[in-house]
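**Student:** See structure11.cif below, with mmCIF, C-alpha atoms.
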data_data
#
loop_
_atom_site.label_atom_id
_atom_site.label_comp_id
_atom_site.auth_asym_id
_atom_site.auth_seq_id
_atom_site.Cartn_x
_atom_site.Cartn_y
_atom_site.Cartn_z
CA MET A 1 45.52 128.36 105.69
CA SER A 2 46.70 130.82 108.26
CA MET A 3 44.48 133.67 109.33
CA PRO A 4 45.27 137.08 107.90
CA VAL A 5 46.98 139.28 110.43
CA GLU A 6 45.36 142.64 110.31
CA HIS A 7 48.20 144.68 111.70
CA ASP A 8 50.64 143.03 109.32
CA SER A 9 51.60 145.22 106.39
CA PHE A 10 52.28 143.93 102.91
CA GLU A 11 55.89 144.99 103.26
CA ASP A 12 56.29 142.91 106.40
CA ARG A 13 54.74 139.90 104.70
CA LEU A 14 56.95 140.40 101.68
CA GLY A 15 60.05 140.50 103.88
CA ALA A 16 58.94 137.33 105.64
CA ALA A 17 58.23 135.64 102.31
CA LEU A 18 61.64 136.58 100.93
CA ARG A 19 63.36 135.19 104.01
CA GLN A 20 61.29 132.04 103.87
CA VAL A 21 61.97 131.43 100.18
CA GLY A 22 65.52 132.74 100.14
CA GLY A 23 66.40 130.41 102.95
CA THR A 24 65.47 127.41 100.85
CA PHE A 25 68.30 128.03 98.38
CA ASP A 26 71.61 126.42 99.12
CA PRO A 27 74.49 126.02 96.72
CA ASP A 28 74.92 122.43 95.55
CA ASP A 29 78.57 122.54 96.42
CA GLN A 30 79.71 125.55 98.37
CA THR A 31 83.33 124.44 98.35
CA ARG A 32 83.34 124.25 94.57
CA LEU A 33 81.65 127.64 94.32
CA ALA A 34 84.21 129.20 96.65
CA ALA A 35 87.08 127.63 94.74
CA ALA A 36 85.67 128.81 91.43
CA GLY A 37 85.29 132.32 92.82
CA ARG A 38 88.86 132.37 94.02
CA ALA A 39 90.15 131.00 90.73
CA HIS A 40 88.19 133.67 88.90
CA GLY A 41 89.64 136.31 91.21
CA ARG A 42 93.13 135.12 90.44
CA ARG A 43 92.45 135.34 86.73
CA LEU A 44 91.08 138.85 87.15
CA GLN A 45 94.09 139.84 89.16
CA LEU A 46 96.41 138.39 86.56
CA ARG A 47 94.64 140.37 83.88
CA ARG A 48 95.01 143.49 85.97
CA ARG A 49 98.73 142.85 86.25
CA VAL A 50 98.88 142.39 82.51
CA ALA A 51 97.02 145.64 82.09
CA VAL A 52 99.41 147.50 84.33
CA LEU A 53 102.35 146.08 82.47
CA GLY A 54 100.75 146.72 79.10
CA GLY A 55 100.48 150.46 79.31
CA ALA A 56 99.12 153.46 81.09
CA ALA A 57 95.54 152.36 80.81
CA SER A 58 93.90 150.41 83.55
CA ILE A 59 92.39 148.09 80.99
CA ALA A 60 94.43 146.47 78.31
CA LEU A 61 93.25 144.44 75.45
CA VAL A 62 95.42 142.08 73.58
CA GLY A 63 94.60 140.61 70.24
CA LEU A 64 95.36 137.06 71.10
CA GLY A 65 93.01 134.83 69.27
CA GLY A 66 90.62 137.71 69.30
CA ALA A 67 90.33 137.69 73.07
CA LEU A 68 89.65 140.90 74.86
CA LEU A 69 91.14 140.98 78.32
CA LEU A 70 89.33 142.88 80.98
CA PRO A 71 90.90 143.29 84.37
CA GLY A 72 89.06 143.22 87.66
CA GLY A 73 86.79 146.12 88.31
CA GLY A 74 86.09 146.61 84.67
CA SER A 75 84.25 143.44 84.06
CA GLY A 76 80.63 143.18 83.28
CA GLY A 77 78.15 140.64 82.09
CA GLN A 78 80.38 139.71 79.21
CA ASN A 79 82.99 138.75 81.72
CA LEU A 80 81.00 136.37 83.82
CA PRO A 81 83.09 133.36 84.59
CA ALA A 82 80.65 131.02 82.94
CA VAL A 83 81.32 132.54 79.58
CA ALA A 84 84.72 134.17 79.94
CA ARG A 85 87.21 131.44 79.42
CA THR A 86 90.13 133.55 78.36
CA GLU A 87 93.31 132.09 79.70
CA ALA A 88 96.28 134.07 80.86
CA PRO A 89 97.85 135.70 77.85
CA THR A 90 101.19 134.78 76.43
CA ALA A 91 101.74 137.87 74.35
CA SER A 92 104.36 137.96 71.72
CA PRO A 93 107.14 140.12 73.07
CA THR A 94 107.59 141.71 69.66
CA ARG A 95 104.05 143.03 69.40
CA LYS A 96 102.97 146.04 71.40
CA PRO A 97 99.61 145.22 72.92
CA LEU A 98 96.73 147.43 71.99
CA THR A 99 95.34 149.19 75.01
CA VAL A 100 92.05 150.78 75.82
CA VAL A 101 93.75 154.10 75.21
CA ASP A 102 94.08 153.06 71.58
CA ALA A 103 90.46 151.97 71.48
CA MET A 104 89.28 155.26 72.94
CA GLU A 105 91.42 157.16 70.45
CA THR A 106 89.79 155.17 67.67
CA LEU A 107 86.40 156.07 69.09
CA LYS A 108 87.30 159.75 69.17
CA ASN A 109 88.57 159.60 65.61
CA LEU A 110 85.33 158.06 64.43
CA LEU A 111 83.05 160.52 66.24
CA PRO A 112 82.12 163.77 64.49
CA GLU A 113 84.18 166.75 65.54
CA GLY A 114 83.64 167.80 69.12
CA LYS A 115 85.22 168.15 72.51
CA PHE A 116 85.99 165.18 74.73
CA SER A 117 86.24 165.05 78.50
CA ASN A 118 85.87 162.76 81.49
CA GLU A 119 87.40 159.88 79.62
CA SER A 120 87.12 156.78 81.71
CA VAL A 121 88.01 153.15 81.37
CA THR A 122 86.44 152.13 84.60
CA GLY A 123 82.86 151.21 85.22
CA VAL A 124 81.07 147.96 85.24
CA GLY A 125 80.51 146.26 81.96
CA LEU A 126 82.28 148.88 79.93
CA LEU A 127 85.50 149.11 78.13
CA GLY A 128 85.48 152.87 78.16
CA SER A 129 83.36 155.96 78.11
CA LEU A 130 83.76 159.65 77.55
CA VAL A 131 81.72 162.80 77.65
CA TYR A 132 81.25 164.20 74.18
CA ASP A 133 80.28 167.73 73.28
CA ASP A 134 79.34 168.37 69.67
CA GLY A 135 78.39 171.94 70.54
CA LYS A 136 74.71 171.15 71.03
CA GLY A 137 74.82 169.67 74.53
CA LEU A 138 76.90 167.22 76.50
CA SER A 139 76.43 163.51 76.02
CA THR A 140 78.09 160.30 77.12
CA VAL A 141 79.41 157.77 74.64
CA ARG A 142 80.33 154.28 75.80
CA LEU A 143 82.28 151.64 73.97
CA SER A 144 82.52 147.93 74.51
CA LEU A 145 84.50 145.45 72.45
CA VAL A 146 84.27 141.83 73.31
CA GLN A 147 84.74 138.48 71.67
CA VAL A 148 81.85 136.14 72.36
CA GLU A 149 81.34 132.52 71.58
CA PRO A 150 79.21 132.24 68.43
CA GLY A 151 75.89 130.71 69.35
CA SER A 152 76.27 131.52 73.06
CA SER A 153 73.63 133.39 75.03
CA LEU A 154 75.76 136.51 74.84
CA ALA A 155 75.81 136.20 71.08
CA ARG A 156 72.11 135.41 70.81
CA GLU A 157 71.01 138.39 72.86
CA THR A 158 72.30 140.70 70.16
CA THR A 159 70.11 139.10 67.58
CA ARG A 160 66.75 139.81 69.16
CA CYS A 161 64.99 142.71 70.74
CA PRO A 162 64.62 143.01 74.51
CA ASP A 163 61.49 141.82 76.23
CA LYS A 164 59.52 145.03 76.24
CA THR A 165 57.51 144.11 79.30
CA LYS A 166 60.66 144.10 81.40
CA ASN A 167 62.84 146.58 79.61
CA PRO A 168 60.62 149.16 78.03
CA TYR A 169 62.22 150.67 74.95
CA ASP A 170 61.17 153.22 72.40
CA SER A 171 62.35 151.30 69.38
CA CYS A 172 64.40 148.27 68.47
CA GLU A 173 65.56 147.13 65.09
CA VAL A 174 67.54 144.00 64.29
CA THR A 175 69.10 143.83 60.85
CA ARG A 176 71.19 141.18 59.12
CA LEU A 177 73.93 142.87 57.14
CA PRO A 178 75.30 141.62 53.81
CA ASP A 179 78.32 140.00 55.49
CA SER A 180 75.92 138.07 57.79
CA SER A 181 76.73 140.25 60.78
CA VAL A 182 73.73 141.17 62.89
CA LEU A 183 73.14 144.75 63.91
CA ARG A 184 70.77 145.67 66.70
CA ILE A 185 69.85 149.27 67.41
CA VAL A 186 67.84 150.00 70.53
CA GLN A 187 66.48 153.33 71.66
CA GLU A 188 65.37 153.26 75.27
CA PRO A 189 64.70 155.63 78.13
CA GLY A 190 67.32 155.95 80.84
CA ASP A 191 66.83 156.38 84.55
CA GLY A 192 67.41 160.10 84.64
CA ALA A 193 64.83 162.75 83.83
CA GLY A 194 64.47 162.87 80.07
CA GLU A 195 67.43 160.58 79.60
CA LYS A 196 67.57 158.55 76.41
CA ILE A 197 70.02 155.77 75.64
CA TRP A 198 70.63 154.70 72.09
CA THR A 199 72.76 151.65 71.49
CA ALA A 200 74.15 149.98 68.40
CA ASP A 201 75.34 146.45 68.90
CA LEU A 202 77.12 144.62 66.11
CA LEU A 203 77.79 140.89 66.18
CA THR A 204 79.91 139.37 63.43
CA PRO A 205 79.61 135.70 62.43
CA ASP A 206 82.88 134.94 64.22
CA GLY A 207 81.67 136.44 67.48
CA ARG A 208 83.16 139.92 67.47
CA ARG A 209 80.84 142.19 69.33
CA VAL A 210 81.17 145.96 69.00
CA GLU A 211 78.77 148.00 71.06
CA VAL A 212 78.50 151.77 71.21
CA SER A 213 75.87 153.54 73.26
CA GLU A 214 75.16 157.21 73.63
CA THR A 215 72.97 159.24 75.94
CA ASN A 216 71.73 162.79 76.02
CA THR A 217 73.24 163.30 79.47
CA PRO A 218 76.82 163.82 80.59
CA ASP A 219 76.25 161.43 83.47
CA SER A 220 73.53 158.85 83.54
CA TRP A 221 72.98 158.99 87.27
CA LYS A 222 73.31 162.56 88.33
CA ALA A 223 72.93 165.01 85.53
CA PRO A 224 69.73 166.01 83.79
CA ALA A 225 69.36 165.68 80.04
CA THR A 226 71.20 168.39 78.18
CA ARG A 227 69.41 167.90 74.88
CA ASP A 228 66.33 166.20 73.49
CA GLU A 229 68.20 163.33 71.90
CA PRO A 230 71.69 161.82 71.90
CA PRO A 231 74.04 163.40 69.37
CA LEU A 232 74.45 160.61 66.81
CA SER A 233 71.65 159.44 64.57
CA THR A 234 71.04 155.71 64.36
CA ASP A 235 72.69 155.72 60.92
CA GLN A 236 75.78 157.31 62.44
CA LEU A 237 75.75 154.74 65.20
CA GLN A 238 75.61 151.99 62.61
CA ASP A 239 78.53 153.52 60.73
CA LEU A 240 80.47 153.70 63.98
CA VAL A 241 80.10 150.07 65.02
CA THR A 242 80.62 148.71 61.51
CA ASP A 243 83.79 150.70 60.89
CA PRO A 244 86.74 148.44 59.97
CA ALA A 245 88.89 150.36 62.44
CA TRP A 246 87.74 147.97 65.15
CA ASP A 247 89.13 144.94 63.34
CA ARG A 248 92.62 145.31 64.69
CA TYR A 249 91.37 145.05 68.24
CA PHE A 250 90.22 141.56 67.52
CA THR A 251 93.13 140.43 65.41
CA GLY A 252 95.96 141.92 67.38
CA GLY A 253 96.62 144.72 64.92
CA MET B 13 99.70 144.81 93.55
CA ARG B 14 98.88 143.42 96.93
CA GLN B 15 98.91 139.77 97.78
CA VAL B 16 95.60 138.38 98.96
CA PRO B 17 95.87 136.50 102.26
CA GLU B 18 94.38 133.23 101.10
CA ASP B 19 93.33 132.02 104.53
CA GLN B 20 91.43 135.21 105.32
CA TYR B 21 89.75 135.16 101.95
CA ALA B 22 88.84 131.49 102.30
CA GLU B 23 87.36 132.11 105.73
CA PHE B 24 85.30 135.02 104.47
CA VAL B 25 84.03 133.08 101.48
CA ALA B 26 83.14 130.09 103.59
CA ALA B 27 81.08 132.34 105.82
CA ARG B 28 79.38 134.36 103.09
CA ALA B 29 79.05 132.24 99.95
CA ALA B 30 75.76 130.59 100.88
CA GLN B 31 74.10 133.87 101.77
CA LEU B 32 75.37 135.49 98.60
CA TYR B 33 73.96 132.59 96.66
CA ARG B 34 70.55 132.97 98.31
CA SER B 35 70.52 136.68 97.48
CA ALA B 36 71.54 135.88 93.92
CA CYS B 37 68.71 133.35 93.63
CA LEU B 38 66.21 136.03 94.61
CA LEU B 39 67.79 138.60 92.31
CA THR B 40 67.56 136.17 89.41
CA ALA B 41 64.04 135.08 90.39
CA GLY B 42 65.15 131.53 90.94
CA ASP B 43 67.63 131.04 88.10
CA THR B 44 70.11 129.00 90.10
CA HIS B 45 72.59 128.63 87.25
CA LEU B 46 72.82 132.36 86.70
CA ALA B 47 72.92 132.82 90.48
CA GLU B 48 76.01 130.61 90.66
CA ASP B 49 77.65 132.57 87.87
CA LEU B 50 76.92 135.83 89.65
CA VAL B 51 78.28 134.58 92.96
CA GLN B 52 81.38 133.27 91.27
CA GLU B 53 81.92 136.61 89.58
CA THR B 54 81.27 138.40 92.86
CA LEU B 55 83.75 136.24 94.76
CA GLY B 56 86.28 136.89 92.03
CA ARG B 57 85.83 140.62 92.30
CA ILE B 58 86.07 140.44 96.05
CA TYR B 59 89.35 138.60 95.68
CA THR B 60 90.79 141.41 93.59
CA ARG B 61 89.52 144.05 96.04
CA TRP B 62 90.31 142.24 99.22
CA HIS B 63 91.93 145.23 100.87
CA ARG B 64 88.70 147.17 100.39
CA VAL B 65 86.68 144.34 101.90
CA THR B 66 88.84 144.26 104.99
CA ARG B 67 88.62 148.03 105.35
CA ALA B 68 84.85 148.13 104.96
CA ASP B 69 82.74 148.80 108.03
CA ASN B 70 80.56 145.90 107.02
CA PRO B 71 82.45 143.41 104.84
CA ALA B 72 79.37 141.22 104.41
CA GLY B 73 77.38 144.22 103.23
CA TYR B 74 80.19 145.18 100.89
CA ALA B 75 80.05 141.73 99.34
CA GLN B 76 76.27 141.99 98.89
CA THR B 77 76.75 145.33 97.20
CA VAL B 78 79.27 143.83 94.80
CA LEU B 79 76.76 141.08 94.05
CA THR B 80 73.98 143.57 93.37
CA ARG B 81 76.17 145.60 91.05
CA THR B 82 77.35 142.48 89.30
CA PHE B 83 73.74 141.46 88.77
CA LEU B 84 72.74 144.87 87.45
CA ALA B 85 75.75 145.00 85.15
CA HIS B 86 74.86 141.60 83.82
CA GLN B 87 71.29 142.63 83.22
CA ARG B 88 72.45 145.80 81.56
CA ARG B 89 74.67 143.85 79.23
CA ARG B 90 71.97 141.40 78.41
CA SER B 91 69.48 144.26 78.41
CA SER B 92 66.62 141.90 78.11
CA THR B 93 66.37 138.21 77.88
CA GLU B 94 66.58 136.94 81.40
CA ARG B 95 66.98 133.27 81.76
CA ALA B 96 64.71 133.36 84.77
CA THR B 97 61.71 134.07 82.67
CA ASP B 98 62.70 131.58 79.99
CA ALA B 99 61.81 128.86 82.43
CA LEU B 100 59.28 130.55 84.60
CA PRO B 101 57.89 128.09 87.10
CA GLU B 102 54.29 127.19 86.64
CA ARG B 103 52.05 128.25 89.42
CA PRO B 104 50.69 125.18 91.11
CA ASP B 105 47.03 124.47 91.59
CA ALA B 106 45.79 125.04 95.09
CA GLY B 107 46.37 122.00 97.19
CA SER B 108 48.80 120.36 94.78
CA ALA B 109 51.89 121.39 96.65
CA SER B 110 52.94 122.30 100.12
CA ASP B 111 52.64 125.89 101.22
CA ASP B 112 56.42 126.26 101.09
CA VAL B 113 56.60 125.13 97.49
CA SER B 114 53.59 127.21 96.55
CA LEU B 115 55.08 130.29 98.12
CA ARG B 116 58.40 129.69 96.43
CA LEU B 117 56.83 129.35 92.99
CA THR B 118 54.43 132.21 93.51
CA LEU B 119 57.00 134.61 94.88
CA LEU B 120 59.70 133.81 92.33
CA GLY B 121 57.15 134.05 89.54
CA ALA B 122 56.13 137.49 90.76
CA LEU B 123 59.75 138.64 91.14
CA ALA B 124 60.41 137.51 87.59
CA GLN B 125 57.73 139.93 86.41
CA LEU B 126 59.67 142.89 87.75
CA PRO B 127 62.32 144.80 85.82
CA ALA B 128 65.79 143.89 87.08
CA LYS B 129 66.38 147.16 88.90
CA ASP B 130 63.03 147.00 90.65
CA ARG B 131 63.82 143.45 91.71
CA ALA B 132 67.17 144.58 93.06
CA VAL B 133 65.43 147.27 95.09
CA VAL B 134 63.02 144.72 96.54
CA VAL B 135 65.82 142.32 97.45
CA LEU B 136 67.96 145.01 99.02
CA ARG B 137 65.10 146.59 100.93
CA TYR B 138 63.15 143.58 102.10
CA TRP B 139 65.61 140.69 102.02
CA GLU B 140 68.69 142.51 103.17
CA ASP B 141 66.73 145.03 105.16
CA ARG B 142 68.58 148.04 103.85
CA SER B 143 67.33 151.59 104.11
CA ILE B 144 66.38 153.61 101.05
CA GLU B 145 69.66 155.49 101.33
CA GLU B 146 71.75 152.33 101.65
CA THR B 147 69.92 150.81 98.71
CA ALA B 148 70.60 153.93 96.67
CA VAL B 149 74.32 153.70 97.39
CA ALA B 150 74.41 150.02 96.49
CA MET B 151 72.68 150.70 93.20
CA HIS B 152 74.50 153.89 92.27
CA ALA B 153 71.11 155.55 92.22
CA SER B 154 69.49 158.53 93.90
CA SER B 155 67.26 158.01 96.92
CA ALA B 156 64.38 159.48 94.95
CA ALA B 157 64.90 156.95 92.18
CA VAL B 158 64.96 154.10 94.69
CA ARG B 159 61.77 155.36 96.33
CA THR B 160 60.06 155.50 92.97
CA ARG B 161 61.19 152.01 92.04
CA CYS B 162 60.24 150.67 95.43
CA THR B 163 56.73 152.08 95.30
CA ARG B 164 56.24 150.77 91.79
CA ALA B 165 57.62 147.34 92.63
CA LEU B 166 55.48 147.00 95.75
CA GLY B 167 52.40 147.96 93.79
CA ARG B 168 53.15 145.39 91.15
CA LEU B 169 53.91 142.68 93.69
CA ARG B 170 50.77 143.46 95.62
CA GLU B 171 48.86 143.14 92.39
CA LEU B 172 50.55 139.84 91.52
CA LEU B 173 50.59 138.27 94.95
CA GLY B 174 47.52 139.69 96.59
CA GLU B 175 46.52 137.69 99.59
CA ASP B 176 48.67 134.75 98.54
CA LEU B 177 51.38 135.96 100.84
CA ALA B 178 49.05 135.88 103.79
CA GLU B 179 48.11 132.33 102.88
CA TYR B 180 51.58 130.93 102.63
CA VAL B 181 53.91 132.90 104.83
CA ARG B 182 54.57 131.23 108.11
CA PRO B 183 53.62 133.43 111.02
#
Please express the file's structure as structure tokens.

**Tutor:**
Amino acid sequence: MSMPVEHDSFEDRLGAALRQVGGTFDPDDQTRLAAAGRAHGRRLQLRRRVAVLGGAASIALVGLGGALLLPGGGSGGQNLPAVARTEAPTASPTRKPLTVVDAMETLKNLLPEGKFSNESVTGVGLLGSLVYDDGKGLSTVRLSLVQVEPGSSLARETTRCPDKTKNPYDSCEVTRLPDSSVLRIVQEPGDGAGEKIWTADLLTPDGRRVEVSETNTPDSWKAPATRDEPPLSTDQLQDLVTDPAWDRYFTGG
Amino acid sequence: MRQVPEDQYAEFVAARAAQLYRSACLLTAGDTHLAEDLVQETLGRIYTRWHRVTRADNPAGYAQTVLTRTFLAHQRRRSSTERATDALPERPDAGSASDDVSLRLTLLGALAQLPAKDRAVVVLRYWEDRSIEETAVAMHASSAAVRTRCTRALGRLRELLGEDLAEYVRP
């Protein structure tokens, strides 16, 4: 056992420990890892090209076997290479691909009347987001549509509540719907002062995942809460994610 | 859309992949499979943004930032069930393992107890030696938020690790 060093601070020891432990990790096969990264980059780039060709939006989605195509820069956890095995699309030339613009229009149609601004299809892990004003304070609504492999970890995470010790939440409810879809609604605090994030996440038996989240802030990082709670009740969130309007994004319309 | 110079990219990846992997292993509290996924995703994103990498003042730092954001996005999506804690390493009895192994298990076990964002702050601050401000930029957070997380994370780690660090860390 080494002697404690009195002038050594905990932070210094922590840094030393991280370097000591971090240095013990080496990839099994760095060449394979590099090649996989490059191959993934090429796929992302191809998807971006498809998106550019597919319409004005920077993200396009194409209903090919239910696969949602996310280009580089818009990918998130659902697009990790280990689980995203979507191949380059071979779209039918006779079918106009659905774009994220269509998806965001659908979202706006399903939301109660209000004003929309700051529509964005960028951001990590999101298909799109917008700032929504129902007249009682600005909020942000985010939408994600993704096809997941039934039984995969991405599918399973929807069917259980978060670990509260790591991700404190105010409430979480998981419900099996009559068609065997699983609906999870989580209410959790955000990072901002007074920020609340409410999320409805629907997983159908065939792996369609529709997720809508809302906050009581117009910007989760910079702006303070504009209202006590997000605008939609949990029942409204449920209605939103279970609406059949999303079906066409998984079937190609 | 610009063509990526494959040789430049390959050279960069060869130089950085191992370090990215080590960072990812700490971010994931020792989940090497998830760490590989994150590095692969990061390298893919770097490929698509190669022109930004080459323009960056610190391309290696840029890559680490992409990794951190990829990790946080993944955690956000999963919003809970980290694989790292599914197979949390058992803490060894004193004397049953070398100091290196003991430190590794103890430290990774403690990191796994932190929320993902707090862990990211710890890794950026004390593994990558970034300032509060640099950490804030990497995490899309305010400096105040990073300070708060950092203080909280250090307190928790001190509580979890206590004098163990002094026992195991090589001088």

**Student:** Would you translate the PyMOL selection byres ((chain A and resi 201) around 12) into the concrete set of residues it matches in this file, as a count of residues only?

**Tutor:** 49

**Student:** Which is closer to B:Thr40 than all the others in B:Ala150, B:Ala122, B:Leu115, B:Ala75, using only C-alpha atoms?

**Tutor:** B:Ala122

**Student:** Kindly indicate which residue among B:Thr77, B:Asn70, B:Thr44, B:Gln125 lies nearest to B:Arg57, using all atoms listed in the file for the distances.

**Tutor:**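 Of the candidates, the smallest distance to B:Arg57 is held by B:Thr77.
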
**Student:** Could you list, as number ranges by chain, every residue within 10 Å of stretch 103-111 of chain A, counting only C-alpha atoms and ignoring same-chain residues fewer than 4 positions away?

**Tutor:** A: 60-61, 98-99, 115-116, 119-121, 127-130, 132, 134, 141-145, 212, 231-232, 236-237, 239-241, 243, 245-246, 248-249

**Student:** Using the chain letters and numbers from the file, give me the residues hit by the PyMOL selection byres ((chain A and resi 22-26) around 8), as JSON, numbers by chain.

**Tutor:** {"A": [18, 19, 20, 21, 27, 28], "B": [30, 33, 34, 35, 37, 38]}

**Student:** Quick one: of B:Ser154, B:Val78, B:Leu172, B:Arg142, who's nearest to B:Leu119, counting all atoms listed in the file?

**Tutor:**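 The closest residue to B:Leu119 is B:Leu172.
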
**Student:** Would you translate the PyMOL selection byres ((chain B and resi 137) around 12) into the concrete set of residues it matches in this file, as a ChimeraX atom specification?

**Tutor:** /A:11-12,14-15,18-19 /B:35,130-136,138-148,150-151,158-159,161-163,165-166

**Student:** If we count only C-alpha atoms and set the cut-off at 7 Å, which residues sit around stretch 49-55 of chain B, ignoring sequence neighbours fewer than 3 positions away in its own chain? Please answer as a PDB file with C-alpha atoms, in the coordinates of the input.

**Tutor:**
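Saved file out-v4.pdb follows:
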ATOM      1  CA  LEU A  33      81.650 127.640  94.320  1.00  0.00           C
ATOM      2  CA  ALA A  36      85.670 128.810  91.430  1.00  0.00           C
ATOM      3  CA  GLY A  37      85.290 132.320  92.820  1.00  0.00           C
ATOM      4  CA  ARG A  38      88.860 132.370  94.020  1.00  0.00           C
ATOM      5  CA  HIS A  40      88.190 133.670  88.900  1.00  0.00           C
ATOM      6  CA  GLY A  41      89.640 136.310  91.210  1.00  0.00           C
ATOM      7  CA  LEU A  80      81.000 136.370  83.820  1.00  0.00           C
ATOM      8  CA  PRO A  81      83.090 133.360  84.590  1.00  0.00           C
ATOM      9  CA  ALA A  82      80.650 131.020  82.940  1.00  0.00           C
TER      10      ALA A  82
ATOM     11  CA  LEU B  32      75.370 135.490  98.600  1.00  0.00           C
ATOM     12  CA  TYR B  33      73.960 132.590  96.660  1.00  0.00           C
ATOM     13  CA  ALA B  36      71.540 135.880  93.920  1.00  0.00           C
ATOM     14  CA  HIS B  45      72.590 128.630  87.250  1.00  0.00           C
ATOM     15  CA  LEU B  46      72.820 132.360  86.700  1.00  0.00           C
ATOM     16  CA  ILE B  58      86.070 140.440  96.050  1.00  0.00           C
ATOM     17  CA  TYR B  59      89.350 138.600  95.680  1.00  0.00           C
ATOM     18  CA  VAL B  78      79.270 143.830  94.800  1.00  0.00           C
ATOM     19  CA  LEU B  79      76.760 141.080  94.050  1.00  0.00           C
ATOM     20  CA  THR B  82      77.350 142.480  89.300  1.00  0.00           C
ATOM     21  CA  PHE B  83      73.740 141.460  88.770  1.00  0.00           C
TER      22      PHE B  83
END

**Student:** Show me the residues close to (65.0, 160.1, 72.4) - anything with an atom within 9 Å, counting only C-alpha atoms - and format the list as a list in words.

**Tutor:**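 Selection result: Asp170, Gln187, Glu188, Pro189, Gly194, Glu195, Lys196, Ile197, Trp198, Thr215, Asn216, Asp228, Glu229 and Pro230 of chain A.
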
**Student:** Which one is closest to chain B: A:Pro150, A:Gly190, A:Gly135, A:Gly114? Count only C-alpha atoms.

**Tutor:**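 Checking each candidate against chain B, we get A:Gly190 as the closest.
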